[in-house]
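> Next up, upload.csv (CSV, N, CA and C atoms).
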```
chain,number,residue,atom,x,y,z
A,398,MET,N,11.4,2.2,-10.0
A,398,MET,CA,11.0,2.6,-11.3
A,398,MET,C,12.1,3.3,-12.0
A,399,PRO,N,12.6,2.8,-13.1
A,399,PRO,CA,13.8,3.4,-13.8
A,399,PRO,C,13.5,4.8,-14.2
A,400,LEU,N,14.6,5.5,-14.4
A,400,LEU,CA,14.5,6.9,-14.8
A,400,LEU,C,13.8,7.1,-16.1
A,401,GLN,N,14.0,6.1,-17.1
A,401,GLN,CA,13.3,6.3,-18.4
A,401,GLN,C,11.8,6.1,-18.4
A,402,GLN,N,11.2,5.7,-17.2
A,402,GLN,CA,9.8,5.6,-17.1
A,402,GLN,C,9.1,6.9,-16.9
A,403,PHE,N,9.9,8.0,-16.6
A,403,PHE,CA,9.4,9.3,-16.4
A,403,PHE,C,9.6,10.1,-17.7
A,404,THR,N,8.7,10.8,-18.2
A,404,THR,CA,8.9,11.6,-19.5
A,404,THR,C,9.7,12.8,-19.1
A,405,ASP,N,10.3,13.4,-20.2
A,405,ASP,CA,11.0,14.6,-20.0
A,405,ASP,C,10.1,15.7,-19.4
A,406,ALA,N,8.8,15.7,-19.9
A,406,ALA,CA,7.9,16.7,-19.4
A,406,ALA,C,7.6,16.5,-17.9
A,407,GLU,N,7.4,15.3,-17.5
A,407,GLU,CA,7.2,15.0,-16.1
A,407,GLU,C,8.4,15.5,-15.2
A,408,LEU,N,9.6,15.1,-15.7
A,408,LEU,CA,10.8,15.5,-15.0
A,408,LEU,C,10.9,17.0,-14.9
A,409,HIS,N,10.7,17.7,-16.0
A,409,HIS,CA,10.8,19.2,-16.1
A,409,HIS,C,9.8,19.8,-15.2
A,410,ALA,N,8.5,19.4,-15.2
A,410,ALA,CA,7.5,20.0,-14.4
A,410,ALA,C,7.8,19.8,-12.9
A,411,LYS,N,8.3,18.6,-12.5
A,411,LYS,CA,8.7,18.4,-11.1
A,411,LYS,C,9.9,19.3,-10.7
A,412,ALA,N,10.8,19.4,-11.6
A,412,ALA,CA,12.0,20.3,-11.3
A,412,ALA,C,11.6,21.7,-11.1
A,413,VAL,N,10.6,22.2,-11.9
A,413,VAL,CA,10.1,23.5,-11.7
A,413,VAL,C,9.3,23.6,-10.4
A,414,GLU,N,8.5,22.6,-10.1
A,414,GLU,CA,7.8,22.6,-8.8
A,414,GLU,C,8.7,22.6,-7.6
A,415,LEU,N,9.9,21.9,-7.7
A,415,LEU,CA,10.8,21.9,-6.6
A,415,LEU,C,11.8,23.1,-6.6
A,416,GLU,N,11.5,24.0,-7.6
A,416,GLU,CA,12.3,25.2,-7.7
A,416,GLU,C,13.8,25.0,-8.0
A,417,LEU,N,14.0,23.9,-8.7
A,417,LEU,CA,15.4,23.6,-9.1
A,417,LEU,C,15.8,24.4,-10.3
A,418,ILE,N,14.8,24.6,-11.2
A,418,ILE,CA,15.0,25.4,-12.4
A,418,ILE,C,13.8,26.3,-12.6
A,419,GLY,N,13.9,27.3,-13.5
A,419,GLY,CA,12.8,28.1,-13.9
A,419,GLY,C,12.0,27.4,-15.0
A,420,LYS,N,10.8,28.0,-15.2
A,420,LYS,CA,9.9,27.4,-16.2
A,420,LYS,C,10.6,27.3,-17.6
A,421,ASP,N,11.4,28.3,-18.0
A,421,ASP,CA,12.0,28.3,-19.3
A,421,ASP,C,13.4,27.7,-19.4
A,422,GLN,N,13.8,27.1,-18.3
A,422,GLN,CA,15.2,26.5,-18.3
A,422,GLN,C,15.1,25.0,-18.6
A,423,ASP,N,16.2,24.5,-19.1
A,423,ASP,CA,16.4,23.1,-19.3
A,423,ASP,C,16.8,22.4,-18.0
A,424,LEU,N,16.4,21.2,-17.8
A,424,LEU,CA,16.8,20.4,-16.6
A,424,LEU,C,18.2,19.9,-16.8
A,425,PRO,N,19.2,20.3,-16.0
A,425,PRO,CA,20.6,19.7,-16.2
A,425,PRO,C,20.6,18.2,-16.0
A,426,ARG,N,21.5,17.5,-16.7
A,426,ARG,CA,21.6,16.1,-16.7
A,426,ARG,C,21.8,15.6,-15.2
A,427,GLN,N,22.7,16.3,-14.5
A,427,GLN,CA,23.1,15.8,-13.2
A,427,GLN,C,21.9,16.0,-12.2
A,428,ALA,N,20.9,16.7,-12.5
A,428,ALA,CA,19.7,16.8,-11.6
A,428,ALA,C,18.6,15.9,-11.9
A,429,ARG,N,18.7,15.2,-13.0
A,429,ARG,CA,17.6,14.3,-13.5
A,429,ARG,C,17.3,13.2,-12.5
A,430,SER,N,18.3,12.6,-11.9
A,430,SER,CA,18.1,11.5,-11.0
A,430,SER,C,17.5,11.9,-9.7
A,431,ARG,N,17.8,13.1,-9.3
A,431,ARG,CA,17.3,13.7,-8.0
A,431,ARG,C,15.8,14.0,-8.2
A,432,VAL,N,15.4,14.5,-9.4
A,432,VAL,CA,14.0,14.8,-9.7
A,432,VAL,C,13.2,13.5,-9.9
A,433,ALA,N,13.8,12.5,-10.5
A,433,ALA,CA,13.2,11.2,-10.7
A,433,ALA,C,12.9,10.6,-9.3
A,434,ALA,N,13.9,10.7,-8.4
A,434,ALA,CA,13.7,10.2,-7.0
A,434,ALA,C,12.5,10.9,-6.3
A,435,ALA,N,12.4,12.2,-6.5
A,435,ALA,CA,11.3,12.9,-5.9
A,435,ALA,C,9.9,12.4,-6.5
A,436,LEU,N,9.9,12.2,-7.8
A,436,LEU,CA,8.7,11.7,-8.5
A,436,LEU,C,8.4,10.3,-8.0
A,437,LEU,N,9.4,9.5,-7.9
A,437,LEU,CA,9.2,8.1,-7.4
A,437,LEU,C,8.6,8.1,-6.0
A,438,GLU,N,9.2,8.9,-5.1
A,438,GLU,CA,8.7,8.9,-3.7
A,438,GLU,C,7.3,9.4,-3.7
A,439,GLU,N,6.9,10.4,-4.6
A,439,GLU,CA,5.6,10.9,-4.6
A,439,GLU,C,4.6,9.8,-5.0
A,440,ARG,N,5.0,9.0,-6.0
A,440,ARG,CA,4.1,7.9,-6.5
A,440,ARG,C,4.0,6.8,-5.4
A,441,ARG,N,5.1,6.5,-4.7
A,441,ARG,CA,5.1,5.5,-3.6
A,441,ARG,C,4.1,6.0,-2.5
A,442,ALA,N,4.2,7.3,-2.2
A,442,ALA,CA,3.3,7.9,-1.1
A,442,ALA,C,1.8,7.7,-1.6
A,443,GLU,N,1.5,8.0,-2.8
A,443,GLU,CA,0.2,7.8,-3.3
A,443,GLU,C,-0.3,6.4,-3.2
A,444,THR,N,0.6,5.4,-3.5
A,444,THR,CA,0.3,4.0,-3.5
A,444,THR,C,0.0,3.6,-2.0
A,445,ARG,N,0.9,4.1,-1.1
A,445,ARG,CA,0.7,3.8,0.3
A,445,ARG,C,-0.7,4.4,0.8
A,446,GLN,N,-1.0,5.5,0.3
A,446,GLN,CA,-2.3,6.2,0.7
A,446,GLN,C,-3.5,5.3,0.2
A,447,GLU,N,-3.4,4.8,-1.0
A,447,GLU,CA,-4.4,4.0,-1.6
A,447,GLU,C,-4.5,2.7,-0.8
A,448,GLN,N,-3.4,2.1,-0.4
A,448,GLN,CA,-3.4,0.9,0.4
A,448,GLN,C,-4.0,1.0,1.8
A,449,THR,N,-3.9,2.2,2.3
A,449,THR,CA,-4.5,2.4,3.7
A,449,THR,C,-5.9,3.0,3.6
A,450,ALA,N,-6.5,2.8,2.5
A,450,ALA,CA,-7.9,3.2,2.3
A,450,ALA,C,-8.8,2.5,3.3
A,451,GLU,N,-10.0,3.0,3.5
A,451,GLU,CA,-11.0,2.5,4.4
A,451,GLU,C,-11.2,1.0,4.1
A,452,PRO,N,-11.2,0.1,5.1
A,452,PRO,CA,-11.4,-1.3,4.9
A,452,PRO,C,-12.8,-1.6,4.4
A,453,VAL,N,-13.0,-2.6,3.6
A,453,VAL,CA,-14.3,-2.9,3.0
A,453,VAL,C,-14.6,-4.4,3.3
A,454,CYS,N,-15.9,-4.7,3.4
A,454,CYS,CA,-16.3,-6.1,3.6
A,454,CYS,C,-16.2,-6.8,2.3
A,455,ALA,N,-15.6,-8.0,2.3
A,455,ALA,CA,-15.5,-8.8,1.1
A,455,ALA,C,-16.9,-9.2,0.6
A,456,LYS,N,-17.1,-9.3,-0.7
A,456,LYS,CA,-18.3,-9.7,-1.3
A,456,LYS,C,-18.4,-11.3,-1.2
A,457,GLU,N,-17.3,-12.0,-1.4
A,457,GLU,CA,-17.3,-13.4,-1.4
A,457,GLU,C,-16.0,-14.0,-1.1
A,458,ILE,N,-15.9,-14.9,-0.2
A,458,ILE,CA,-14.7,-15.7,0.2
A,458,ILE,C,-14.9,-17.1,-0.2
A,459,VAL,N,-14.0,-17.6,-1.0
A,459,VAL,CA,-14.1,-19.0,-1.5
A,459,VAL,C,-12.8,-19.8,-0.9
A,460,VAL,N,-13.1,-20.8,-0.1
A,460,VAL,CA,-12.0,-21.7,0.4
A,460,VAL,C,-12.0,-22.9,-0.4
A,461,GLN,N,-11.0,-23.2,-1.2
A,461,GLN,CA,-10.9,-24.3,-2.1
A,461,GLN,C,-10.2,-25.5,-1.4
A,462,PRO,N,-10.4,-26.7,-2.0
A,462,PRO,CA,-9.7,-27.8,-1.4
A,462,PRO,C,-8.2,-27.6,-1.5
A,463,GLY,N,-7.5,-27.9,-0.5
A,463,GLY,CA,-6.0,-27.7,-0.4
A,463,GLY,C,-5.7,-26.4,0.3
A,464,GLY,N,-6.7,-25.6,0.6
A,464,GLY,CA,-6.5,-24.4,1.5
A,464,GLY,C,-6.4,-23.1,0.7
A,465,GLN,N,-6.4,-23.1,-0.6
A,465,GLN,CA,-6.3,-21.8,-1.3
A,465,GLN,C,-7.6,-21.0,-1.0
A,466,VAL,N,-7.4,-19.7,-0.7
A,466,VAL,CA,-8.5,-18.8,-0.4
A,466,VAL,C,-8.6,-17.7,-1.4
A,467,LEU,N,-9.8,-17.5,-2.0
A,467,LEU,CA,-10.0,-16.4,-2.9
A,467,LEU,C,-10.9,-15.4,-2.2
A,468,ILE,N,-10.5,-14.1,-2.3
A,468,ILE,CA,-11.3,-13.0,-1.8
A,468,ILE,C,-11.8,-12.2,-3.0
A,469,ASP,N,-13.1,-12.2,-3.2
A,469,ASP,CA,-13.6,-11.5,-4.3
A,469,ASP,C,-13.0,-11.9,-5.6
A,470,GLY,N,-12.6,-13.2,-5.8
A,470,GLY,CA,-12.0,-13.7,-7.0
A,470,GLY,C,-10.5,-13.6,-7.1
A,471,GLU,N,-9.9,-12.9,-6.1
A,471,GLU,CA,-8.4,-12.8,-6.1
A,471,GLU,C,-7.8,-13.7,-5.0
A,472,PRO,N,-6.6,-14.3,-5.3
A,472,PRO,CA,-6.0,-15.1,-4.3
A,472,PRO,C,-5.6,-14.3,-3.1
A,473,PHE,N,-5.8,-14.8,-1.9
A,473,PHE,CA,-5.4,-14.2,-0.7
A,473,PHE,C,-3.8,-14.1,-0.7
A,474,PRO,N,-3.3,-12.9,-0.6
A,474,PRO,CA,-1.8,-12.7,-0.9
A,474,PRO,C,-0.9,-13.2,0.2
A,475,TRP,N,-1.4,-13.6,1.4
A,475,TRP,CA,-0.5,-14.0,2.5
A,475,TRP,C,-0.5,-15.5,2.7
A,476,LEU,N,0.5,-16.0,3.4
A,476,LEU,CA,0.5,-17.4,3.7
A,476,LEU,C,-0.4,-17.7,4.8
A,477,ILE,N,-1.2,-18.8,4.7
A,477,ILE,CA,-2.1,-19.2,5.7
A,477,ILE,C,-1.6,-20.5,6.3
A,478,ALA,N,-1.6,-20.6,7.6
A,478,ALA,CA,-1.1,-21.8,8.3
A,478,ALA,C,-2.0,-23.0,8.1
A,479,LYS,N,-1.4,-24.1,8.1
A,479,LYS,CA,-2.2,-25.4,7.9
A,479,LYS,C,-2.8,-25.7,9.3
A,480,GLN,N,-3.7,-24.8,9.7
A,480,GLN,CA,-4.5,-25.0,10.9
A,480,GLN,C,-6.0,-25.0,10.5
A,481,PRO,N,-6.8,-25.6,11.4
A,481,PRO,CA,-8.2,-25.6,11.1
A,481,PRO,C,-8.8,-24.2,10.9
A,482,MET,N,-9.6,-24.0,9.9
A,482,MET,CA,-10.3,-22.7,9.8
A,482,MET,C,-11.6,-22.7,10.5
A,483,GLU,N,-12.0,-21.6,11.0
A,483,GLU,CA,-13.3,-21.6,11.7
A,483,GLU,C,-14.2,-20.8,10.7
A,484,ILE,N,-15.2,-21.4,10.2
A,484,ILE,CA,-16.1,-20.8,9.2
A,484,ILE,C,-17.5,-20.8,9.7
A,485,SER,N,-18.1,-19.6,9.7
A,485,SER,CA,-19.5,-19.4,10.1
A,485,SER,C,-20.3,-18.9,9.0
A,486,VAL,N,-21.2,-19.7,8.5
A,486,VAL,CA,-22.1,-19.3,7.4
A,486,VAL,C,-23.4,-18.8,7.9
A,487,ASN,N,-23.7,-17.6,7.6
A,487,ASN,CA,-25.0,-17.0,8.0
A,487,ASN,C,-25.8,-16.6,6.7
A,488,PRO,N,-26.7,-17.4,6.3
A,488,PRO,CA,-27.4,-17.1,5.0
A,488,PRO,C,-28.2,-15.8,5.1
A,489,GLU,N,-28.5,-15.3,6.3
A,489,GLU,CA,-29.3,-14.1,6.4
A,489,GLU,C,-28.5,-12.8,6.6
A,490,GLY,N,-27.2,-13.0,6.7
A,490,GLY,CA,-26.4,-11.8,6.9
A,490,GLY,C,-24.9,-12.0,6.6
A,491,ILE,N,-24.1,-11.4,7.4
A,491,ILE,CA,-22.6,-11.5,7.2
A,491,ILE,C,-22.1,-12.8,7.8
A,492,SER,N,-21.3,-13.5,6.9
A,492,SER,CA,-20.6,-14.8,7.3
A,492,SER,C,-19.2,-14.4,7.6
A,493,THR,N,-18.5,-15.3,8.4
A,493,THR,CA,-17.1,-15.1,8.7
A,493,THR,C,-16.2,-16.3,8.5
A,494,VAL,N,-14.9,-16.0,8.2
A,494,VAL,CA,-13.9,-17.0,8.1
A,494,VAL,C,-12.8,-16.6,9.0
A,495,ARG,N,-12.4,-17.5,10.0
A,495,ARG,CA,-11.2,-17.2,10.9
A,495,ARG,C,-10.1,-18.2,10.5
A,496,MET,N,-8.9,-17.6,10.2
A,496,MET,CA,-7.8,-18.4,9.8
A,496,MET,C,-6.5,-17.9,10.5
A,497,THR,N,-5.5,-18.7,10.4
A,497,THR,CA,-4.2,-18.3,11.0
A,497,THR,C,-3.2,-17.9,10.0
A,498,LEU,N,-2.7,-16.6,10.1
A,498,LEU,CA,-1.7,-16.1,9.1
A,498,LEU,C,-0.3,-16.3,9.6
A,499,LEU,N,0.6,-16.6,8.7
A,499,LEU,CA,2.0,-16.8,9.1
A,499,LEU,C,2.7,-15.4,8.9
A,500,ALA,N,3.6,-15.1,9.9
A,500,ALA,CA,4.4,-13.9,9.8
A,500,ALA,C,5.8,-14.2,10.4
A,501,GLU,N,6.8,-13.5,9.8
A,501,GLU,CA,8.2,-13.7,10.3
A,501,GLU,C,8.3,-12.9,11.6
A,502,ALA,N,7.5,-11.9,11.8
A,502,ALA,CA,7.6,-11.1,13.1
A,502,ALA,C,6.2,-10.5,13.3
A,503,VAL,N,5.9,-10.4,14.6
A,503,VAL,CA,4.6,-9.8,15.0
A,503,VAL,C,4.9,-8.7,16.0
A,504,GLN,N,4.3,-7.6,15.8
A,504,GLN,CA,4.5,-6.4,16.8
A,504,GLN,C,3.1,-6.0,17.2
A,505,VAL,N,2.9,-5.9,18.5
A,505,VAL,CA,1.6,-5.5,19.1
A,505,VAL,C,1.9,-4.1,19.7
A,506,LEU,N,1.2,-3.1,19.3
A,506,LEU,CA,1.5,-1.8,19.8
A,506,LEU,C,0.4,-1.4,20.9
A,507,LYS,N,0.9,-0.9,22.0
A,507,LYS,CA,0.0,-0.5,23.0
A,507,LYS,C,-0.6,0.9,22.6
A,508,PRO,N,-1.9,1.1,22.8
A,508,PRO,CA,-2.5,2.3,22.4
A,508,PRO,C,-2.0,3.5,23.3
A,509,LYS,N,-1.8,4.6,22.7
A,509,LYS,CA,-1.3,5.8,23.4
A,509,LYS,C,-2.4,6.2,24.4
A,510,THR,N,-2.1,6.5,25.6
A,510,THR,CA,-3.0,7.0,26.6
A,510,THR,C,-3.0,8.5,26.6
A,511,ASP,N,-4.2,9.1,26.9
A,511,ASP,CA,-4.3,10.5,27.0
A,511,ASP,C,-3.6,10.9,28.3
A,512,SER,N,-2.7,11.9,28.3
A,512,SER,CA,-2.0,12.2,29.5
A,512,SER,C,-2.9,12.7,30.7
A,513,LYS,N,-4.1,13.2,30.3
A,513,LYS,CA,-5.1,13.7,31.4
A,513,LYS,C,-5.7,12.5,32.0
A,514,GLU,N,-5.9,11.3,31.3
A,514,GLU,CA,-6.5,10.2,31.9
A,514,GLU,C,-5.6,9.5,32.9
A,515,SER,N,-4.2,9.6,32.7
A,515,SER,CA,-3.3,8.9,33.6
A,515,SER,C,-3.0,9.7,34.9
A,516,GLU,N,-3.5,10.9,34.9
A,516,GLU,CA,-3.2,11.8,36.1
A,516,GLU,C,-4.2,11.4,37.2
```
Go ahead and express the file in the form of structure tokens.

Amino acid sequence: MPLQQFTDAELHAKAVELELIGKDQDLPRQARSRVAAALLEERRAETRQEQTAEPVCAKEIVVQPGGQVLIDGEPFPWLIAKQPMEISVNPEGISTVRMTLLAEAVQVLKPKTDSKESE
């Protein structure tokens, strides 16, 4: 996010919060980019927090001819392999779609064990 996307008031308030300047002082030009970087990181952290929100069940999944998948009306944002999909339709409850996602790398983490359990 470019520096000009932060208002002078936002930059000033953040500089005061960071104790770089006093409430009645002007923000020096050479400190503006440092304060903008702090604001940018704060916004990125908020975005990451929003993205790691509690998972929800999709209301509707639509698989279109050609393999495009819409989740609640939005295109599925990741590449799907041209593999058969396993679709289970349950008119009385939750239905499922199983598909293969493409990734450049996959990492499987082993759960941490409680040190008391391993003794």
> Which distance in Å separates atom C of Asp423 (chain A) and atom C of His409 (chain A), to one decimal?
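Taking atom C of Asp423 (chain A) as the start and atom C of His409 (chain A) as the end point, the length is 8.0 Å.
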> Can you find the residues with an atom no farther than 6 Å from (13.9, 24.1, -16.2), counting only N, CA and C atoms, and report them as JSON, numbers by chain?
{"A": [409, 413, 418, 419, 420, 421, 422, 423, 424]}
> Just to confirm, what's the straight-line distance from atom N of Val503 (chain A) to atom N of Lys456 (chain A) in Å (one decimal)?
27.6 Å
> Go through A:Ala412, A:Ile484, A:Ala455, A:Arg495 and flag the residue nearest Asp469 (chain A), using only C-alpha atoms for the distances.
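Among A:Ala412, A:Ile484, A:Ala455, A:Arg495, it is A:Ala455 that comes nearest to Asp469 (chain A).
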> How many Å separate CA of Val453 (chain A) from CA of Thr510 (chain A)?
28.0 Å
> Within 12 Å of Phe403 (chain A), counting only C-alpha atoms, which residues show up once you throw out same-chain ones fewer than 5 positions away? Write them as a VMD selection string, please.
chain A and resid 398 408 to 411 429 to 430 432 to 437 440
> Residues near Leu498 (chain A), anyone? I mean within 6 Å using all atoms listed in the file, not counting same-chain ones fewer than 3 positions away, as number ranges by chain.
A: 476-478
> For a quick check of understanding, using only N, CA and C atoms, which of A:Glu483, A:Glu451, A:Glu443, A:Glu457 has the smallest distance to Glu471 (chain A)?
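That would be A:Glu457, the residue with the smallest distance to Glu471 (chain A).
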> Can you list, as a PyMOL selection string, all residues belonging to chain A that DSSP tags as strand (DSSP E or B)?
chain A and resi 458-460+466-468+471-472+477+483-485+493-495+498
> Find, counting only C-alpha atoms, the residue in A:Val466, A:Ile458, A:Leu506, A:Ala442 that gets nearest to Ser492 (chain A).
A:Ile458
> In file coordinates, which residues lie within 8 Å of (-7.6, -21.2, -5.7) using only N, CA and C atoms, given as a PyMOL selection string?
chain A and resi 459-462+464-467+471-473
> As a VMD selection string, which residues of chain A does DSSP assign to alpha helix (DSSP H)?
chain A and resid 405 to 414 426 to 448
